[in-house]
Each structure stands twice: as structure tokens, then as C-alpha cells.
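First up is the structure itself, then whatever we jot down about it.
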Amino acid sequence: MIFSFKKLKGIDHKTEILSGLTVALALVPEAVAFALVAGVSPILGLYAAFMVCFITSAFGGRPGMISGATGALAVVMVSLVNSHGVEYLFATVVLMGFIQVAIGLLKLGKFIRLVPAPVIYGFVNGLAIIIGMAQIQHFKSADGSWLESGSLMLMLGLCAATMAIIYLLPKISKVIPAPLAAILTVSAIAIGLDLDTKTVGDLASIKAGLPSFHFPEVPFTLETLKIILPYSLILAGIGLIESLLTLTLIDEMTETRGQGNRECKAQGFANIVTGFFGGMGGCAMIGQSIINVSSGGRSRLSGIVAAISLLIFILFASGLIEQIPMAALVGLMFMVSIGTFEWATFKILHKVPKSDAIIIIAVTVLTLVFDLAIAVLAGVILAALVFAWDNSVRIRARKSVDENGAKLYEIYGPLFFGSIATFHEKFDPQNDPEDVIVDFKESRVVDQSGIEALNQLTQRYSRVGKRVCLRHLSQDCLTLLGKAGSMVECNIEEDPNYTVATDALA
């Protein structure tokens, strides 16, 4: 996990730097807003955005992906902060980081492969809707009411102008990233004409000094661990799920492949550092990642530039950044929302299996109603149940009688816990001849339930005084079939070689 500037050769440095600057501008309102959601000072969100973005960009497993303070984590943090205070949040973020590093060291990031395409569709669509809906608050005043008609129309106009520039500029020129050009143009119009519209400074002041080392001021007791451990586990899980799914999405956009386990370790290390330096923690940000990739950011340089630019904003340029109209950033995020949503969903819903369509819709809705972790886990469980059900009815047996009068059952399809009932229905011990052969050349015994089903089958024939021969089983099956004894026929040249998933072998 060593970063080297030698890896930056061959990239378009200008594009990477401009893309990073664009991302930095987009990070400011998001970090401030999510800090407010978590119930902490906006500076804690900005510090987290800087540190998490810098460390993951330099050492993470997905160059071009942007990380920082996120809403998915903030909604979990708020109850901890309200109940125990911000110091417990810092301790929780540190422990969260250690958990994520451990997950990376154990190479558990590979399990993101178990997330099927319908779940990813639902995840992306849900986040796109959330990103869009989160911008609505900027059209309201502090008391929650809509802006006055004049202010509202001005906000809408500047927002529309931003979106138009982002959409049209790439068709004319790609010298400068369209999002950056849009922000600069709309900001120049608003400042030059002295328009009375909401700015970044209306959210909160972003001026501060360098983050300093701060050991969380919490008692080192078992009671403290009981408080922070549940939150740490939830935050670590949500952070890694969002990060690894975003990594998968960026992989598809760039047609490259990131390293999930390396990203887990980098995210964990970033959160450990953030917790000790007074930040609220973070994970991958799908919106800012898409801004970066769409603007041409492909290497680690763009993320590093974004993080350093954000720190410069905090230290030296807060006055200028606070003058940027919120309409420009809102328009940018609306375009991110539109670009993130998988519009192909509407075309494929009536073409894919009904179960996949239901999973896409369910994950989208659950992402909106609950949170990302619950939605993805529910989607994976639902997909697994559908898969198990579909395969449970696919096991079948071709029946025939050989030249010696023995009944031959040729089994097709997987034998596992979901298919054993159908498997048993295929056999007729009472009416079968004295000799029965069950051939598994075209089948596979998947788990311990399948092994037990074979033991039960041999017992059924043994009770009525008939002989059953099991052919073409793996060595693993032969070892576990203790009750079958001499009823198993071995053929070393033809028997398959695979491992049965059992507790004994785990």
C-alpha cells in the first residue's frame, strides 16, 4: 500500500488537476451539510473530507474514486452524538477504522462479488434519488418554508444555467471540465451582478486552522466499549458497502478494475487518522466520484488535488469559497443525480425475470426509506432466496433400465438443502428392481444437506432389501458418506473433483 508519484506518468495532469479542483468545490457544501445532519460542527465534516479524501486517494484501491463525509454515515452518527457527545463519536470513528482495516487484512472485500446486478441497479437508483432530493432543502429558508418567489426564481434560474452549461459545454469544447466551468461562470454572474442569492457562506463559515491531534476524551472502560462498538460495526459496514459498490460502479465507467481489499484497508486507516484528528469519519462518495470521473479524473492525482484544494479553501480561501452561489453547486448535484440514475432500468424491467425487477424496485425503495446497508443486505438475501428456489426445482432424474435389469437414475442439477425434497420424490424403492444405480455425473452435491440426502436414500433402499449404487461422486462426498458404505462405486478417472460446503470443512 505504498504510493509513488512514478505512477502518475502518462496521465493528463491538467485534466486531473482541474477535475480535482471541481471535486473540491463540490465537497464543501456536502461536508458542511452532512456535519450538520450528524449534529457536529461543520469544520468536523470539512476535516473528515480532507483527511479521508487524501488518504484513500493516495493509498486506496480505486484511483479516481473520491471519499469524504457522507450522509449514509451521518444519519447513524446523530443519535450517538445526541446521547453521548462528540468525543464518543471520535472514539467510534477510530474503532470503525480498525474494524475496516481488519476486514481488508482478512480479504473479505471480495464478498462484494456476491452483490448481484439487480441490487446494484437498485443501489445506484436509490442513491441518485437521494442525491437529487437532498438538494431540495437549498430552495427553502431556515424555518423550512420555501424561498420567496423572487429568490426562488433566481435560485432556479442560476441552477438551470449551471445545468445547461454542464450539458452543452462538452459538445463545444473539453478544454476545461464542464462542472468547473459552470461553477465559475455562474459564480461570476452572481458576484458581478451582486445578485441576492444563497451562498456557501450561508450554510456556515468554512474558515479554520489545520487539524490537530486529539485523543478522544472518553473513559477507557468496558462500558465505553459497549456504547461505541455497535455504532462502530454499523458505520464500518455501511462505509465499506457504499465504498465497494461505488468502486464497482467506477470500474464499469472506466473499464478498469479496482482492488476491494486494498480500499478496505485504506478506508480504515483514513478513519483511524480522522478520529484522532477531530474528524467525523467518512467513506466513498458516489456523487463526487462520478463528478471526478466524468471530468476526466482517472488517477490518484485528481483525488489528492481535491483534498489539498479543500484544505487550502479552509485555511486561506474561505472568503472566496463562501461567495459561491449555492445554485451552482445544486445544479451540479442535480446533473450528478441525473447521470447516476440507471435510466436503462425502465427499458429492462419488463424484459428481466420478475424476481429481478422486484429486487431492483425493492432495493431502490429500501434505500430511500431506511439506509444503504439495509437495502443492499435485503437485496442480497432476496436474490439468494430466489436463486435457491429456482435451483431447488431444477434437479431432475432420467430413468432407464440397463442390460442387466438394473434401474438407472441419471441425476441432473444441484443437490442442496433446497432440492432434497424434490430429489427424494424421484425414487420408488418399493417398486424398483433389486439393483439401482444413481449416477451423479451431470450433478453436483453442494452442501451437507445433500450428503445427508444420499445417506437417507441408501437407507430407504436398504430397508426394503435392495441394493443402490452411487456413481460419479467427488472424493469429498465419498469421505462424508459414512452410512452408504460399499454402496458407493468409485471411478478415479471419471469421478468429479469438487468440495462440498459443510461445517466440517469450513
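Identifiers in this document derive from the order of the C-alpha cells: chains are assigned A, B, ..., residues are numbered from 1 separately in each chain, and ligands are numbered from 1 in order of occurrence.
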inquiry  = Among range 271-410 of chain A, which ones does DSSP assign to strand (DSSP E or B) (computed from the backbone)? Answer as number ranges by chain.
reply    = A: 283-284, 325, 396-401, 407-410
task = Give me the residues within 10 Å of Gly85 in chain A as a PyMOL selection string, counting only C-alpha atoms and dropping any in the same chain fewer than 5 places off.
result = chain A and resi 39-40+78-80+90+218
Grab the residues selected above and save them as a PDB file, in the first residue's frame with N, CA and C atoms.
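Result saved to out22.pdb:
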ATOM      1  N   GLY A  39     -25.050  16.429  13.612  1.00  0.00           N
ATOM      2  CA  GLY A  39     -25.127  17.210  14.840  1.00  0.00           C
ATOM      3  C   GLY A  39     -23.795  17.677  15.365  1.00  0.00           C
ATOM      4  N   VAL A  40     -22.813  17.853  14.472  1.00  0.00           N
ATOM      5  CA  VAL A  40     -21.487  18.324  14.886  1.00  0.00           C
ATOM      6  C   VAL A  40     -21.129  19.586  14.113  1.00  0.00           C
ATOM      7  N   VAL A  78     -25.790  10.699  14.324  1.00  0.00           N
ATOM      8  CA  VAL A  78     -26.526  11.738  15.036  1.00  0.00           C
ATOM      9  C   VAL A  78     -27.059  11.246  16.381  1.00  0.00           C
ATOM     10  N   SER A  79     -27.531  10.013  16.456  1.00  0.00           N
ATOM     11  CA  SER A  79     -28.061   9.511  17.724  1.00  0.00           C
ATOM     12  C   SER A  79     -26.944   9.334  18.750  1.00  0.00           C
ATOM     13  N   LEU A  80     -25.750   8.917  18.294  1.00  0.00           N
ATOM     14  CA  LEU A  80     -24.613   8.782  19.203  1.00  0.00           C
ATOM     15  C   LEU A  80     -24.201  10.146  19.747  1.00  0.00           C
ATOM     16  N   PHE A  90     -15.631  10.544  18.086  1.00  0.00           N
ATOM     17  CA  PHE A  90     -14.233  10.380  17.675  1.00  0.00           C
ATOM     18  C   PHE A  90     -13.742   8.965  17.997  1.00  0.00           C
ATOM     19  N   VAL A 218     -12.619  10.033  26.353  1.00  0.00           N
ATOM     20  CA  VAL A 218     -13.643   9.107  26.854  1.00  0.00           C
ATOM     21  C   VAL A 218     -12.977   8.168  27.844  1.00  0.00           C
TER      22      VAL A 218
END
note = Residue with the minimum atom-to-atom distance to Ile103 in chain A, picked from A:Glu410, A:Glu425, A:Glu263, A:Asp390 with only C-alpha atoms counted, is A:Glu263
query = Quick one: DSSP alpha helix (DSSP H) residues in range 109-282 of chain A, as a ChimeraX atom specification?
reply = /A:117-134,149-172,178-192,222-254,260-276
Pull C-alpha atoms from the residues just selected and write them as a JSON list (two decimals), in the first residue's frame.
[["chain", "number", "residue", "atom", "x", "y", "z"],
["A", 117, "ALA", "CA", -26.69, -6.80, -10.76],
["A", 118, "PRO", "CA", -30.33, -6.09, -9.76],
["A", 119, "VAL", "CA", -29.14, -5.00, -6.30],
["A", 120, "ILE", "CA", -26.53, -2.69, -7.85],
["A", 121, "TYR", "CA", -29.21, -1.20, -10.10],
["A", 122, "GLY", "CA", -31.41, -0.54, -7.08],
["A", 123, "PHE", "CA", -28.49, 0.86, -5.08],
["A", 124, "VAL", "CA", -27.50, 3.27, -7.86],
["A", 125, "ASN", "CA", -31.08, 4.39, -8.49],
["A", 126, "GLY", "CA", -31.78, 4.89, -4.80],
["A", 127, "LEU", "CA", -28.66, 6.96, -4.28],
["A", 128, "ALA", "CA", -29.42, 9.03, -7.38],
["A", 129, "ILE", "CA", -32.85, 9.89, -5.99],
["A", 130, "ILE", "CA", -31.36, 10.68, -2.57],
["A", 131, "ILE", "CA", -28.75, 12.99, -4.12],
["A", 132, "GLY", "CA", -31.48, 14.82, -6.03],
["A", 133, "MET", "CA", -33.87, 15.06, -3.07],
["A", 134, "ALA", "CA", -31.09, 16.34, -0.81],
["A", 149, "SER", "CA", -40.99, 33.95, -5.18],
["A", 150, "GLY", "CA", -38.23, 36.32, -6.35],
["A", 151, "SER", "CA", -35.44, 34.48, -4.52],
["A", 152, "LEU", "CA", -36.85, 31.14, -5.59],
["A", 153, "MET", "CA", -36.98, 32.11, -9.26],
["A", 154, "LEU", "CA", -33.43, 33.49, -9.10],
["A", 155, "MET", "CA", -32.22, 30.26, -7.48],
["A", 156, "LEU", "CA", -33.98, 28.17, -10.11],
["A", 157, "GLY", "CA", -32.60, 30.31, -12.93],
["A", 158, "LEU", "CA", -28.99, 30.06, -11.76],
["A", 159, "CYS", "CA", -29.44, 26.35, -11.15],
["A", 160, "ALA", "CA", -30.82, 25.86, -14.67],
["A", 161, "ALA", "CA", -27.94, 27.89, -16.12],
["A", 162, "THR", "CA", -25.44, 25.65, -14.33],
["A", 163, "MET", "CA", -27.10, 22.51, -15.65],
["A", 164, "ALA", "CA", -27.23, 23.93, -19.19],
["A", 165, "ILE", "CA", -23.50, 24.72, -19.17],
["A", 166, "ILE", "CA", -22.62, 21.26, -17.87],
["A", 167, "TYR", "CA", -24.76, 19.66, -20.58],
["A", 168, "LEU", "CA", -23.79, 21.86, -23.53],
["A", 169, "LEU", "CA", -20.12, 22.74, -22.97],
["A", 170, "PRO", "CA", -18.71, 19.23, -23.68],
["A", 171, "LYS", "CA", -20.38, 19.38, -27.11],
["A", 172, "ILE", "CA", -18.36, 22.55, -27.88],
["A", 178, "ALA", "CA", -17.79, 21.41, -17.70],
["A", 179, "PRO", "CA", -18.71, 21.31, -13.97],
["A", 180, "LEU", "CA", -15.82, 23.65, -13.10],
["A", 181, "ALA", "CA", -16.70, 25.99, -15.96],
["A", 182, "ALA", "CA", -20.32, 26.07, -14.83],
["A", 183, "ILE", "CA", -19.43, 26.88, -11.22],
["A", 184, "LEU", "CA", -17.01, 29.64, -12.23],
["A", 185, "THR", "CA", -19.42, 31.17, -14.79],
["A", 186, "VAL", "CA", -22.47, 31.20, -12.52],
["A", 187, "SER", "CA", -20.37, 32.48, -9.61],
["A", 188, "ALA", "CA", -19.03, 35.32, -11.79],
["A", 189, "ILE", "CA", -22.58, 36.28, -12.83],
["A", 190, "ALA", "CA", -23.91, 36.23, -9.28],
["A", 191, "ILE", "CA", -20.97, 38.15, -7.79],
["A", 192, "GLY", "CA", -20.60, 40.55, -10.73],
["A", 222, "LEU", "CA", -15.95, -1.76, 29.25],
["A", 223, "GLU", "CA", -18.99, 0.49, 29.43],
["A", 224, "THR", "CA", -17.48, 2.83, 26.82],
["A", 225, "LEU", "CA", -16.79, -0.14, 24.55],
["A", 226, "LYS", "CA", -20.40, -1.28, 24.91],
["A", 227, "ILE", "CA", -21.52, 2.18, 23.76],
["A", 228, "ILE", "CA", -19.22, 2.64, 20.78],
["A", 229, "LEU", "CA", -18.86, -0.94, 19.46],
["A", 230, "PRO", "CA", -22.39, -1.27, 17.99],
["A", 231, "TYR", "CA", -22.07, 2.10, 16.26],
["A", 232, "SER", "CA", -18.58, 1.22, 15.01],
["A", 233, "LEU", "CA", -19.77, -2.06, 13.49],
["A", 234, "ILE", "CA", -22.73, -0.38, 11.76],
["A", 235, "LEU", "CA", -20.63, 2.51, 10.47],
["A", 236, "ALA", "CA", -17.86, 0.18, 9.27],
["A", 237, "GLY", "CA", -20.40, -1.97, 7.43],
["A", 238, "ILE", "CA", -22.23, 0.93, 5.82],
["A", 239, "GLY", "CA", -18.97, 2.64, 4.87],
["A", 240, "LEU", "CA", -17.49, -0.43, 3.20],
["A", 241, "ILE", "CA", -20.70, -1.40, 1.41],
["A", 242, "GLU", "CA", -21.06, 2.09, -0.04],
["A", 243, "SER", "CA", -17.35, 2.25, -0.89],
["A", 244, "LEU", "CA", -17.14, -1.17, -2.55],
["A", 245, "LEU", "CA", -20.34, -0.65, -4.54],
["A", 246, "THR", "CA", -19.07, 2.76, -5.67],
["A", 247, "LEU", "CA", -15.78, 1.09, -6.59],
["A", 248, "THR", "CA", -17.73, -1.41, -8.72],
["A", 249, "LEU", "CA", -19.61, 1.42, -10.42],
["A", 250, "ILE", "CA", -16.40, 3.34, -11.19],
["A", 251, "ASP", "CA", -14.87, 0.12, -12.50],
["A", 252, "GLU", "CA", -17.71, -0.11, -15.02],
["A", 253, "MET", "CA", -17.44, 3.55, -16.01],
["A", 254, "THR", "CA", -13.67, 3.42, -16.56],
["A", 260, "GLY", "CA", -11.50, -4.05, -2.96],
["A", 261, "ASN", "CA", -9.38, -5.30, -0.06],
["A", 262, "ARG", "CA", -6.84, -2.51, -0.52],
["A", 263, "GLU", "CA", -9.68, 0.00, -0.46],
["A", 264, "CYS", "CA", -10.98, -1.52, 2.80],
["A", 265, "LYS", "CA", -7.56, -1.06, 4.44],
["A", 266, "ALA", "CA", -7.19, 2.48, 3.13],
["A", 267, "GLN", "CA", -10.68, 3.47, 4.28],
["A", 268, "GLY", "CA", -9.94, 2.03, 7.71],
["A", 269, "PHE", "CA", -6.60, 3.80, 8.03],
["A", 270, "ALA", "CA", -8.22, 7.06, 6.91],
["A", 271, "ASN", "CA", -10.91, 6.79, 9.57],
["A", 272, "ILE", "CA", -8.38, 5.98, 12.30],
["A", 273, "VAL", "CA", -6.43, 9.13, 11.41],
["A", 274, "THR", "CA", -9.62, 11.16, 11.11],
["A", 275, "GLY", "CA", -10.83, 10.07, 14.54],
["A", 276, "PHE", "CA", -7.55, 11.10, 16.15]]
note = In Å and to one decimal, CA of Pro219 in chain A is distant from CA of Gly68 in chain A by 28.0 Å
inquiry  = Calculated over only C-alpha atoms, which of the candidates A:Ile206, A:Ile358, A:Leu366, A:Val464 has the smallest distance to Leu382 in chain A?
reply    = A:Ile358
message = For range 197-201 of chain A, find every residue with an atom within 9 Å (counting only C-alpha atoms), except residues of its own chain fewer than 2 positions away, and show them as number ranges by chain.
response = A: 28-29, 138-139, 151-152, 154-155, 190, 194-195, 203-206, 318-319, 321-327, 329
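Ranking A:Gly331, A:Gly109, A:Gly71, A:Gly61 by their shortest atom-to-atom distance to Gln135 in chain A, with only C-alpha atoms included, puts A:Gly331 first.
For the pair CA of Asn82 in chain A and CA of Met285 in chain A, the separation is 24.7 Å.
You can rank A:Lys399, A:Lys14, A:Val52, A:Ala72 by their closest distance to Ala375 in chain A using only C-alpha atoms, and at the top of that list sits A:Ala72.
Each of A:Val401, A:Ile291, A:Leu457, A:Ile286 was compared to Phe427 in chain A using only C-alpha atoms, and A:Leu457 turns out to be the nearest.
Shortest atom-to-atom contact with Lys110 in chain A among A:Pro63, A:Ala384, A:Ser419, A:Gly258: A:Gly258, counting only C-alpha atoms.
Put simply, CA of Glu16 in chain A is 21.6 Å away from CA of Leu46 in chain A.
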message = Taking 3 positions as the minimum chain separation for residues in the same chain, which residues sit within 7 Å of Thr70 in chain A when counting only C-alpha atoms? Answer as a PyMOL selection string.
response = chain A and resi 34+73-74+282-283+285
Produce a file of the selected residues containing N, CA and C atoms, as a short mmCIF file (atom, residue, chain, number, x, y, z; two decimals), in the first residue's frame.
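Below is the file that was written, result.cif:
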data_model
loop_
_atom_site.label_atom_id
_atom_site.label_comp_id
_atom_site.auth_asym_id
_atom_site.auth_seq_id
_atom_site.Cartn_x
_atom_site.Cartn_y
_atom_site.Cartn_z
N PHE A 34 -23.56 17.42 5.75
CA PHE A 34 -23.57 16.14 6.44
C PHE A 34 -23.12 16.29 7.89
N LEU A 73 -23.42 7.79 6.64
CA LEU A 73 -22.82 7.67 7.96
C LEU A 73 -23.39 8.69 8.93
N ALA A 74 -23.69 9.88 8.43
CA ALA A 74 -24.16 10.97 9.31
C ALA A 74 -25.47 10.61 9.99
N GLY A 282 -15.62 8.97 7.34
CA GLY A 282 -16.24 9.02 6.02
C GLY A 282 -16.05 7.75 5.24
N CYS A 283 -16.50 7.78 4.00
CA CYS A 283 -16.37 6.65 3.08
C CYS A 283 -16.49 7.19 1.66
N MET A 285 -17.85 8.56 -1.82
CA MET A 285 -18.98 9.43 -2.16
C MET A 285 -19.29 9.21 -3.64
#
